[in-house]
Structure formats: structure tokens, C-alpha cells
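As C-alpha cells, the structure follows; a few thoughts come after it.
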Amino acid sequence: MRKPQGNSRATGRPKTGGERRGGRPAAASNPGESTLRIVGGNLRGRRIKYSGDTTVRPMKDRTREAMFNLIGPTIVGKHVFDLFAGTGAIAIEALSRGASSATLIERHFPTARIVRDNLRLLGLEDRSSLVMADAFFWSRQKVNEFPQLPWAVFCSPPYRFYTERLTELTRLLAGMLQAAPPSSLFVVEAMVEFDFTSLVPGIDWEQRAYPPALLGLHYPGLLT
């Protein structure tokens, strides 16, 4: 297993409780409403809305940018799975950078409805599918119906799941790893102290630290 590599530019507070993620909040005109900035691709600079719900702590812009810099042009042409979509910024960023299509899974209905509005406003409805469901249940039911394009799977659950629901997370990722077409990419976000050897035994995760986040990447044939 590779040792985490740090990045002193990214700092921030850990997530708590049932937080979801997507991007850094920016000021908005309506009380309780926030916006997030797309940082790359043909939608660079565009802002997307989210509710400002305190249970949604989005991934920082710099972490998201660093993540896509690591992936580079390999995102082009892939089908994206955003398993804990939150604000939807990860999937939207991927589509902005050339992903072919995306499936976003979000079980919190008010958050999901805002994501659906953002996809429509950005003209991404024909390239995306928003599923209002629990990712654990959805993956068990749909694993045999996934597209056969190479995948880019983003798994960024609430941090508490790494203690409270680790067995379920492992089962979810193991099932998708087994079903994934050749050249599929997996990116998992955990808290910086997480031990990736406890997640899907036998998988070698390339790790990068952007405190408070730790990213684990698995892409056979590319990251060695």
C-alpha cells in the first residue's frame, strides 16, 4: 500500500454526523441558500445552488480540483457514478471535464431536488440520471444494469460511515469493483486518519492527503 502524500494548500475542518459533500460554499443572495463553483472544464466558473443545509458539508474546491488533476483526461468518455451525491458538484465537475454521462445517487429528497434543478439549468439532463435512493440498497438492486462504458466511481460518504457502516461500504465497493468494465476508475474520499487497508481487502489504493480529506484511487493499469 502506498503512503499518503500531503498537500499543504488544502486545509479545513473534518465532517461530522450525516454530512454530505460537493464543493465549497459561496455567498448567495437568498438567506439559507448557498452556491458552489465548478472549477474546470467547459462549465468552469459556473455556479450551482444548494440548500445551505448544515448537514451538507461540501468538499473544498481545492480538494476537488486536485482530485480531477490527478485523474486528468482519463475522465473523458467514462460513465460517472456519484454514490453519495450531496450537492452533485462531483458529477457535474466530471461532466464539465468530458465524462460521457453520470448517475447521481442521493437519498435526501430536498437536496436531490435542488441537484435535479442544477442539472436542468446547466443543460445536463440528457447526460445524467438522478436517483433518489439509498446507495447501499440501490447498488444491490442495480449492479447488473450498469452501463458497459468504463466507469468513474466517486464514493464520498459521510465520514461517520467509516466507523458505523464500514461493512456496508466495503460490500458496496466490492460489488462495483467486481462488475466494473475494464479501465474503470474508483475514487474514495475518507477522513485523513482512515486506514485504507480496512476497505476492500486486496485492493491497492493510491493515496493522496488533502487534510481533512484522504483520497484513495484505484485504476488498474494506470496508477502503479
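By order of appearance in the C-alpha cells: chains A, B, ..., then residues from 1 within every chain, and ligands from 1 in the order shown.
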
Output as a tab-separated table one row per residue of range 80-173 of chain A within 10 Å of range 212-216 of chain A: the closest atom pair and its distance in Å to one decimal place, counting only C-alpha atoms, sorted by chain and residue number ascending.
residue	atom	partner	partner_atom	distance
A:Cys155	CA	A:Gly216	CA	9.8
A:Ser156	CA	A:Leu215	CA	9.3
A:Tyr159	CA	A:Ala213	CA	9.6

Can I get the selection written as a short mmCIF file (atom, residue, chain, number, x, y, z; two decimals), in the first residue's frame, with C-alpha atoms?
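So the final result, stored in result-v5.cif, reads:
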data_model
loop_
_atom_site.label_atom_id
_atom_site.label_comp_id
_atom_site.auth_asym_id
_atom_site.auth_seq_id
_atom_site.Cartn_x
_atom_site.Cartn_y
_atom_site.Cartn_z
CA CYS A 155 -17.58 7.39 -3.24
CA SER A 156 -17.60 10.22 -0.72
CA TYR A 159 -17.23 10.27 7.46
#

_Show me, as number ranges by chain, the residues that have an atom within 8 Å of Ala94 in chain A when counting only C-alpha atoms, minus same-chain residues fewer than 5 positions from it._
A: 68, 75, 80, 99

Can you pull out the residues contacting Asn144 in chain A? Cut-off 12 Å, using only C-alpha atoms, and skip same-chain residues under 2 positions away; I want them as a short mmCIF file (atom, residue, chain, number, x, y, z; two decimals) with N, CA and C atoms, in the first residue's frame.
data_model
loop_
_atom_site.label_atom_id
_atom_site.label_comp_id
_atom_site.auth_asym_id
_atom_site.auth_seq_id
_atom_site.Cartn_x
_atom_site.Cartn_y
_atom_site.Cartn_z
N TRP A 138 -29.55 0.63 -3.53
CA TRP A 138 -29.55 0.81 -4.98
C TRP A 138 -28.51 -0.08 -5.64
N SER A 139 -27.30 -0.13 -5.08
CA SER A 139 -26.24 -0.91 -5.72
C SER A 139 -26.55 -2.40 -5.73
N ARG A 140 -27.19 -2.89 -4.68
CA ARG A 140 -27.55 -4.31 -4.65
C ARG A 140 -28.59 -4.65 -5.70
N GLN A 141 -29.48 -3.72 -5.98
CA GLN A 141 -30.57 -3.97 -6.91
C GLN A 141 -30.16 -3.76 -8.37
N LYS A 142 -29.21 -2.87 -8.62
CA LYS A 142 -28.96 -2.40 -9.99
C LYS A 142 -27.60 -2.79 -10.56
N PHE A 146 -25.81 -1.75 -14.94
CA PHE A 146 -24.97 -0.58 -15.14
C PHE A 146 -24.46 -0.52 -16.57
N PRO A 147 -24.16 0.71 -17.07
CA PRO A 147 -23.62 0.86 -18.43
C PRO A 147 -22.29 0.13 -18.58
N GLN A 148 -22.00 -0.28 -19.81
CA GLN A 148 -20.77 -1.00 -20.08
C GLN A 148 -19.63 -0.11 -20.56
N GLY A 175 -18.72 -4.99 -4.69
CA GLY A 175 -19.65 -5.38 -5.75
C GLY A 175 -19.42 -4.59 -7.02
N MET A 176 -19.19 -3.29 -6.89
CA MET A 176 -18.96 -2.46 -8.07
C MET A 176 -17.60 -2.75 -8.70
N GLN A 178 -16.15 -5.61 -8.75
CA GLN A 178 -16.29 -6.88 -9.46
C GLN A 178 -17.02 -6.70 -10.79
N ALA A 179 -18.00 -5.80 -10.82
CA ALA A 179 -18.82 -5.61 -12.02
C ALA A 179 -18.24 -4.60 -13.01
N ALA A 180 -17.24 -3.84 -12.59
CA ALA A 180 -16.76 -2.73 -13.41
C ALA A 180 -16.12 -3.19 -14.72
N PRO A 181 -16.42 -2.50 -15.82
CA PRO A 181 -15.76 -2.80 -17.10
C PRO A 181 -14.26 -2.48 -17.01
#

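Among A:Leu172, A:Ala102, A:Ala66, A:Leu83, the residue with the shortest atom-to-atom distance to Glu125 in chain A, counting only C-alpha atoms, is A:Ala102.
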
*Determine, counting only C-alpha atoms, which protein, DNA and RNA residues have an atom within 7 Å of an atom of Ser128 in chain A; residues of the same chain fewer than 4 positions away are not included. Present the result as an MDAnalysis selection string.*
chainID A and resid 101:103 124

Could you tell me, as a PDB file with N, CA and C atoms, in the first residue's frame, which residues of range 27-196 of chain A DSSP assigns to alpha helix (DSSP H) when given the backbone?
ATOM      1  N   ASP A  61     -13.212  23.283  -2.769  1.00  0.00           N
ATOM      2  CA  ASP A  61     -12.863  23.474  -4.176  1.00  0.00           C
ATOM      3  C   ASP A  61     -11.462  22.957  -4.478  1.00  0.00           C
ATOM      4  N   ARG A  62     -10.506  23.261  -3.603  1.00  0.00           N
ATOM      5  CA  ARG A  62      -9.118  22.894  -3.881  1.00  0.00           C
ATOM      6  C   ARG A  62      -8.925  21.383  -3.861  1.00  0.00           C
ATOM      7  N   THR A  63      -9.648  20.695  -2.972  1.00  0.00           N
ATOM      8  CA  THR A  63      -9.566  19.239  -2.947  1.00  0.00           C
ATOM      9  C   THR A  63     -10.180  18.662  -4.213  1.00  0.00           C
ATOM     10  N   ARG A  64     -11.333  19.194  -4.609  1.00  0.00           N
ATOM     11  CA  ARG A  64     -11.991  18.716  -5.831  1.00  0.00           C
ATOM     12  C   ARG A  64     -11.109  18.974  -7.048  1.00  0.00           C
ATOM     13  N   GLU A  65     -10.495  20.159  -7.101  1.00  0.00           N
ATOM     14  CA  GLU A  65      -9.612  20.474  -8.218  1.00  0.00           C
ATOM     15  C   GLU A  65      -8.408  19.536  -8.249  1.00  0.00           C
ATOM     16  N   ALA A  66      -7.805  19.298  -7.075  1.00  0.00           N
ATOM     17  CA  ALA A  66      -6.650  18.395  -7.003  1.00  0.00           C
ATOM     18  C   ALA A  66      -7.035  16.977  -7.416  1.00  0.00           C
ATOM     19  N   MET A  67      -8.225  16.537  -7.010  1.00  0.00           N
ATOM     20  CA  MET A  67      -8.696  15.207  -7.377  1.00  0.00           C
ATOM     21  C   MET A  67      -8.799  15.060  -8.892  1.00  0.00           C
ATOM     22  N   PHE A  68      -9.388  16.055  -9.554  1.00  0.00           N
ATOM     23  CA  PHE A  68      -9.530  15.966 -11.004  1.00  0.00           C
ATOM     24  C   PHE A  68      -8.206  16.182 -11.724  1.00  0.00           C
ATOM     25  N   ASN A  69      -7.279  16.892 -11.121  1.00  0.00           N
ATOM     26  CA  ASN A  69      -5.943  16.990 -11.699  1.00  0.00           C
ATOM     27  C   ASN A  69      -5.240  15.633 -11.678  1.00  0.00           C
ATOM     28  N   LEU A  70      -5.470  14.848 -10.615  1.00  0.00           N
ATOM     29  CA  LEU A  70      -4.897  13.508 -10.535  1.00  0.00           C
ATOM     30  C   LEU A  70      -5.482  12.597 -11.614  1.00  0.00           C
ATOM     31  N   ILE A  71      -6.774  12.714 -11.808  1.00  0.00           N
ATOM     32  CA  ILE A  71      -7.447  11.865 -12.790  1.00  0.00           C
ATOM     33  C   ILE A  71      -7.092  12.289 -14.213  1.00  0.00           C
ATOM     34  N   ALA A  89     -21.872  18.312  -7.083  1.00  0.00           N
ATOM     35  CA  ALA A  89     -20.760  19.022  -7.719  1.00  0.00           C
ATOM     36  C   ALA A  89     -19.717  18.083  -8.318  1.00  0.00           C
ATOM     37  N   ILE A  90     -19.506  16.914  -7.708  1.00  0.00           N
ATOM     38  CA  ILE A  90     -18.502  15.990  -8.244  1.00  0.00           C
ATOM     39  C   ILE A  90     -18.922  15.493  -9.623  1.00  0.00           C
ATOM     40  N   ALA A  91     -20.152  15.011  -9.731  1.00  0.00           N
ATOM     41  CA  ALA A  91     -20.631  14.518 -11.026  1.00  0.00           C
ATOM     42  C   ALA A  91     -20.677  15.637 -12.057  1.00  0.00           C
ATOM     43  N   ILE A  92     -21.127  16.820 -11.653  1.00  0.00           N
ATOM     44  CA  ILE A  92     -21.200  17.949 -12.582  1.00  0.00           C
ATOM     45  C   ILE A  92     -19.805  18.348 -13.040  1.00  0.00           C
ATOM     46  N   GLU A  93     -18.857  18.352 -12.120  1.00  0.00           N
ATOM     47  CA  GLU A  93     -17.465  18.651 -12.477  1.00  0.00           C
ATOM     48  C   GLU A  93     -16.949  17.638 -13.498  1.00  0.00           C
ATOM     49  N   ALA A  94     -17.255  16.367 -13.276  1.00  0.00           N
ATOM     50  CA  ALA A  94     -16.805  15.323 -14.202  1.00  0.00           C
ATOM     51  C   ALA A  94     -17.419  15.514 -15.588  1.00  0.00           C
ATOM     52  N   LEU A  95     -18.709  15.824 -15.636  1.00  0.00           N
ATOM     53  CA  LEU A  95     -19.360  16.079 -16.925  1.00  0.00           C
ATOM     54  C   LEU A  95     -18.758  17.308 -17.608  1.00  0.00           C
ATOM     55  N   SER A  96     -18.443  18.320 -16.824  1.00  0.00           N
ATOM     56  CA  SER A  96     -17.807  19.523 -17.356  1.00  0.00           C
ATOM     57  C   SER A  96     -16.464  19.201 -18.004  1.00  0.00           C
ATOM     58  N   PHE A 109     -34.236  13.809  -0.135  1.00  0.00           N
ATOM     59  CA  PHE A 109     -35.073  14.335  -1.212  1.00  0.00           C
ATOM     60  C   PHE A 109     -34.936  15.841  -1.432  1.00  0.00           C
ATOM     61  N   PRO A 110     -34.954  16.692  -0.392  1.00  0.00           N
ATOM     62  CA  PRO A 110     -34.811  18.132  -0.643  1.00  0.00           C
ATOM     63  C   PRO A 110     -33.501  18.478  -1.356  1.00  0.00           C
ATOM     64  N   THR A 111     -32.397  17.825  -0.948  1.00  0.00           N
ATOM     65  CA  THR A 111     -31.105  18.051  -1.606  1.00  0.00           C
ATOM     66  C   THR A 111     -31.142  17.560  -3.047  1.00  0.00           C
ATOM     67  N   ALA A 112     -31.715  16.391  -3.257  1.00  0.00           N
ATOM     68  CA  ALA A 112     -31.770  15.809  -4.594  1.00  0.00           C
ATOM     69  C   ALA A 112     -32.579  16.671  -5.555  1.00  0.00           C
ATOM     70  N   ARG A 113     -33.634  17.278  -5.066  1.00  0.00           N
ATOM     71  CA  ARG A 113     -34.453  18.125  -5.943  1.00  0.00           C
ATOM     72  C   ARG A 113     -33.666  19.339  -6.424  1.00  0.00           C
ATOM     73  N   ILE A 114     -32.829  19.918  -5.559  1.00  0.00           N
ATOM     74  CA  ILE A 114     -32.000  21.048  -5.970  1.00  0.00           C
ATOM     75  C   ILE A 114     -30.959  20.596  -6.993  1.00  0.00           C
ATOM     76  N   VAL A 115     -30.375  19.417  -6.774  1.00  0.00           N
ATOM     77  CA  VAL A 115     -29.423  18.875  -7.748  1.00  0.00           C
ATOM     78  C   VAL A 115     -30.095  18.695  -9.106  1.00  0.00           C
ATOM     79  N   ARG A 116     -31.309  18.168  -9.105  1.00  0.00           N
ATOM     80  CA  ARG A 116     -32.050  17.987 -10.350  1.00  0.00           C
ATOM     81  C   ARG A 116     -32.251  19.321 -11.065  1.00  0.00           C
ATOM     82  N   ASP A 117     -32.570  20.373 -10.311  1.00  0.00           N
ATOM     83  CA  ASP A 117     -32.730  21.704 -10.906  1.00  0.00           C
ATOM     84  C   ASP A 117     -31.422  22.197 -11.509  1.00  0.00           C
ATOM     85  N   ASN A 118     -30.300  21.942 -10.816  1.00  0.00           N
ATOM     86  CA  ASN A 118     -28.999  22.365 -11.334  1.00  0.00           C
ATOM     87  C   ASN A 118     -28.657  21.651 -12.637  1.00  0.00           C
ATOM     88  N   LEU A 119     -28.933  20.362 -12.693  1.00  0.00           N
ATOM     89  CA  LEU A 119     -28.661  19.604 -13.921  1.00  0.00           C
ATOM     90  C   LEU A 119     -29.460  20.171 -15.087  1.00  0.00           C
ATOM     91  N   ARG A 120     -30.694  20.563 -14.810  1.00  0.00           N
ATOM     92  CA  ARG A 120     -31.535  21.136 -15.859  1.00  0.00           C
ATOM     93  C   ARG A 120     -31.009  22.496 -16.301  1.00  0.00           C
ATOM     94  N   LEU A 121     -30.651  23.346 -15.334  1.00  0.00           N
ATOM     95  CA  LEU A 121     -30.190  24.687 -15.657  1.00  0.00           C
ATOM     96  C   LEU A 121     -28.868  24.682 -16.419  1.00  0.00           C
ATOM     97  N   ALA A 135     -27.779   4.557  -1.449  1.00  0.00           N
ATOM     98  CA  ALA A 135     -26.753   3.981  -2.316  1.00  0.00           C
ATOM     99  C   ALA A 135     -26.507   2.512  -2.027  1.00  0.00           C
ATOM    100  N   PHE A 136     -26.596   2.119  -0.769  1.00  0.00           N
ATOM    101  CA  PHE A 136     -26.345   0.721  -0.416  1.00  0.00           C
ATOM    102  C   PHE A 136     -27.418  -0.179  -1.032  1.00  0.00           C
ATOM    103  N   PHE A 137     -28.672   0.202  -0.891  1.00  0.00           N
ATOM    104  CA  PHE A 137     -29.771  -0.588  -1.440  1.00  0.00           C
ATOM    105  C   PHE A 137     -29.754  -0.555  -2.965  1.00  0.00           C
ATOM    106  N   TRP A 138     -29.552   0.630  -3.525  1.00  0.00           N
ATOM    107  CA  TRP A 138     -29.549   0.805  -4.982  1.00  0.00           C
ATOM    108  C   TRP A 138     -28.505  -0.082  -5.641  1.00  0.00           C
ATOM    109  N   SER A 139     -27.303  -0.131  -5.085  1.00  0.00           N
ATOM    110  CA  SER A 139     -26.237  -0.907  -5.723  1.00  0.00           C
ATOM    111  C   SER A 139     -26.549  -2.395  -5.725  1.00  0.00           C
ATOM    112  N   ARG A 140     -27.190  -2.891  -4.684  1.00  0.00           N
ATOM    113  CA  ARG A 140     -27.551  -4.309  -4.646  1.00  0.00           C
ATOM    114  C   ARG A 140     -28.593  -4.652  -5.700  1.00  0.00           C
ATOM    115  N   GLN A 141     -29.484  -3.719  -5.982  1.00  0.00           N
ATOM    116  CA  GLN A 141     -30.572  -3.970  -6.914  1.00  0.00           C
ATOM    117  C   GLN A 141     -30.162  -3.757  -8.369  1.00  0.00           C
ATOM    118  N   LYS A 142     -29.210  -2.867  -8.623  1.00  0.00           N
ATOM    119  CA  LYS A 142     -28.963  -2.401  -9.993  1.00  0.00           C
ATOM    120  C   LYS A 142     -27.599  -2.785 -10.557  1.00  0.00           C
ATOM    121  N   PHE A 161     -19.677   6.999   8.364  1.00  0.00           N
ATOM    122  CA  PHE A 161     -19.918   5.683   7.781  1.00  0.00           C
ATOM    123  C   PHE A 161     -18.688   4.792   7.866  1.00  0.00           C
ATOM    124  N   TYR A 162     -17.499   5.386   7.976  1.00  0.00           N
ATOM    125  CA  TYR A 162     -16.277   4.584   8.049  1.00  0.00           C
ATOM    126  C   TYR A 162     -16.127   3.878   9.388  1.00  0.00           C
ATOM    127  N   THR A 163     -16.922   4.240  10.361  1.00  0.00           N
ATOM    128  CA  THR A 163     -16.970   3.508  11.618  1.00  0.00           C
ATOM    129  C   THR A 163     -18.302   2.784  11.781  1.00  0.00           C
ATOM    130  N   GLU A 164     -19.401   3.460  11.427  1.00  0.00           N
ATOM    131  CA  GLU A 164     -20.723   2.907  11.674  1.00  0.00           C
ATOM    132  C   GLU A 164     -21.188   1.934  10.592  1.00  0.00           C
ATOM    133  N   LEU A 166     -18.955   0.515   7.917  1.00  0.00           N
ATOM    134  CA  LEU A 166     -17.798   0.105   7.116  1.00  0.00           C
ATOM    135  C   LEU A 166     -18.070  -1.194   6.358  1.00  0.00           C
ATOM    136  N   THR A 167     -18.742  -2.135   6.994  1.00  0.00           N
ATOM    137  CA  THR A 167     -19.046  -3.400   6.321  1.00  0.00           C
ATOM    138  C   THR A 167     -19.902  -3.167   5.085  1.00  0.00           C
ATOM    139  N   GLU A 168     -20.887  -2.282   5.196  1.00  0.00           N
ATOM    140  CA  GLU A 168     -21.750  -1.975   4.049  1.00  0.00           C
ATOM    141  C   GLU A 168     -20.979  -1.245   2.954  1.00  0.00           C
ATOM    142  N   LEU A 169     -20.106  -0.318   3.346  1.00  0.00           N
ATOM    143  CA  LEU A 169     -19.283   0.379   2.355  1.00  0.00           C
ATOM    144  C   LEU A 169     -18.396  -0.592   1.599  1.00  0.00           C
ATOM    145  N   THR A 170     -17.774  -1.506   2.332  1.00  0.00           N
ATOM    146  CA  THR A 170     -16.907  -2.498   1.709  1.00  0.00           C
ATOM    147  C   THR A 170     -17.693  -3.362   0.735  1.00  0.00           C
ATOM    148  N   ARG A 171     -18.891  -3.783   1.145  1.00  0.00           N
ATOM    149  CA  ARG A 171     -19.724  -4.614   0.275  1.00  0.00           C
ATOM    150  C   ARG A 171     -20.137  -3.858  -0.991  1.00  0.00           C
ATOM    151  N   LEU A 172     -20.498  -2.584  -0.827  1.00  0.00           N
ATOM    152  CA  LEU A 172     -20.897  -1.764  -1.971  1.00  0.00           C
ATOM    153  C   LEU A 172     -19.753  -1.652  -2.973  1.00  0.00           C
ATOM    154  N   LEU A 173     -18.568  -1.273  -2.492  1.00  0.00           N
ATOM    155  CA  LEU A 173     -17.426  -1.071  -3.384  1.00  0.00           C
ATOM    156  C   LEU A 173     -16.943  -2.382  -3.978  1.00  0.00           C
ATOM    157  N   ALA A 174     -16.954  -3.449  -3.192  1.00  0.00           N
ATOM    158  CA  ALA A 174     -16.511  -4.752  -3.702  1.00  0.00           C
ATOM    159  C   ALA A 174     -17.411  -5.210  -4.844  1.00  0.00           C
ATOM    160  N   GLY A 175     -18.718  -4.994  -4.691  1.00  0.00           N
ATOM    161  CA  GLY A 175     -19.647  -5.379  -5.745  1.00  0.00           C
ATOM    162  C   GLY A 175     -19.423  -4.594  -7.023  1.00  0.00           C
ATOM    163  N   MET A 176     -19.189  -3.286  -6.890  1.00  0.00           N
ATOM    164  CA  MET A 176     -18.959  -2.464  -8.069  1.00  0.00           C
ATOM    165  C   MET A 176     -17.599  -2.752  -8.700  1.00  0.00           C
ATOM    166  N   LEU A 177     -16.592  -3.023  -7.882  1.00  0.00           N
ATOM    167  CA  LEU A 177     -15.283  -3.387  -8.418  1.00  0.00           C
ATOM    168  C   LEU A 177     -15.368  -4.670  -9.231  1.00  0.00           C
ATOM    169  N   GLN A 178     -16.146  -5.611  -8.754  1.00  0.00           N
ATOM    170  CA  GLN A 178     -16.292  -6.877  -9.458  1.00  0.00           C
ATOM    171  C   GLN A 178     -17.024  -6.698 -10.789  1.00  0.00           C
ATOM    172  N   ALA A 179     -18.000  -5.797 -10.816  1.00  0.00           N
ATOM    173  CA  ALA A 179     -18.821  -5.606 -12.020  1.00  0.00           C
ATOM    174  C   ALA A 179     -18.239  -4.601 -13.007  1.00  0.00           C
TER     175      ALA A 179
END

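For range 63-142 of chain A, backbone-based DSSP assignment of strand (DSSP E or B) covers His79, Val80, Phe81, Asp82, Ser101, Ala102, Thr103, Leu104, Ile105, Ser128, Ser129, Leu130 and Val131 of chain A.
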
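Residue nearest Glu189 in chain A, chosen from A:Ile48, A:Leu217, A:Ile105, A:Ile38 and counting only C-alpha atoms: A:Leu217.
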
Between CA of Tyr210 in chain A and CA of Glu106 in chain A lies a distance of 24.4 Å

CA of Asp134 in chain A sits from CA of Pro158 in chain A at a separation of 12.9 Å

Selection: 8 Å around Ile203 in chain A, only C-alpha atoms, excl. self and same-chain fewer than 3 positions, as a list in words:
Thr197, Val200 and His218 of chain A

Any chance you can output those residues with C-alpha atoms as a JSON list (two decimals), in the first residue's frame?
[["chain", "number", "residue", "atom", "x", "y", "z"],
["A", 197, "THR", "CA", -6.26, -1.46, 4.20],
["A", 200, "VAL", "CA", -11.99, -3.99, 0.31],
["A", 218, "HIS", "CA", -7.79, 2.57, -7.78]]

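What separates CA of Pro201 in chain A from CA of Phe84 in chain A is a distance of 21.8 Å.
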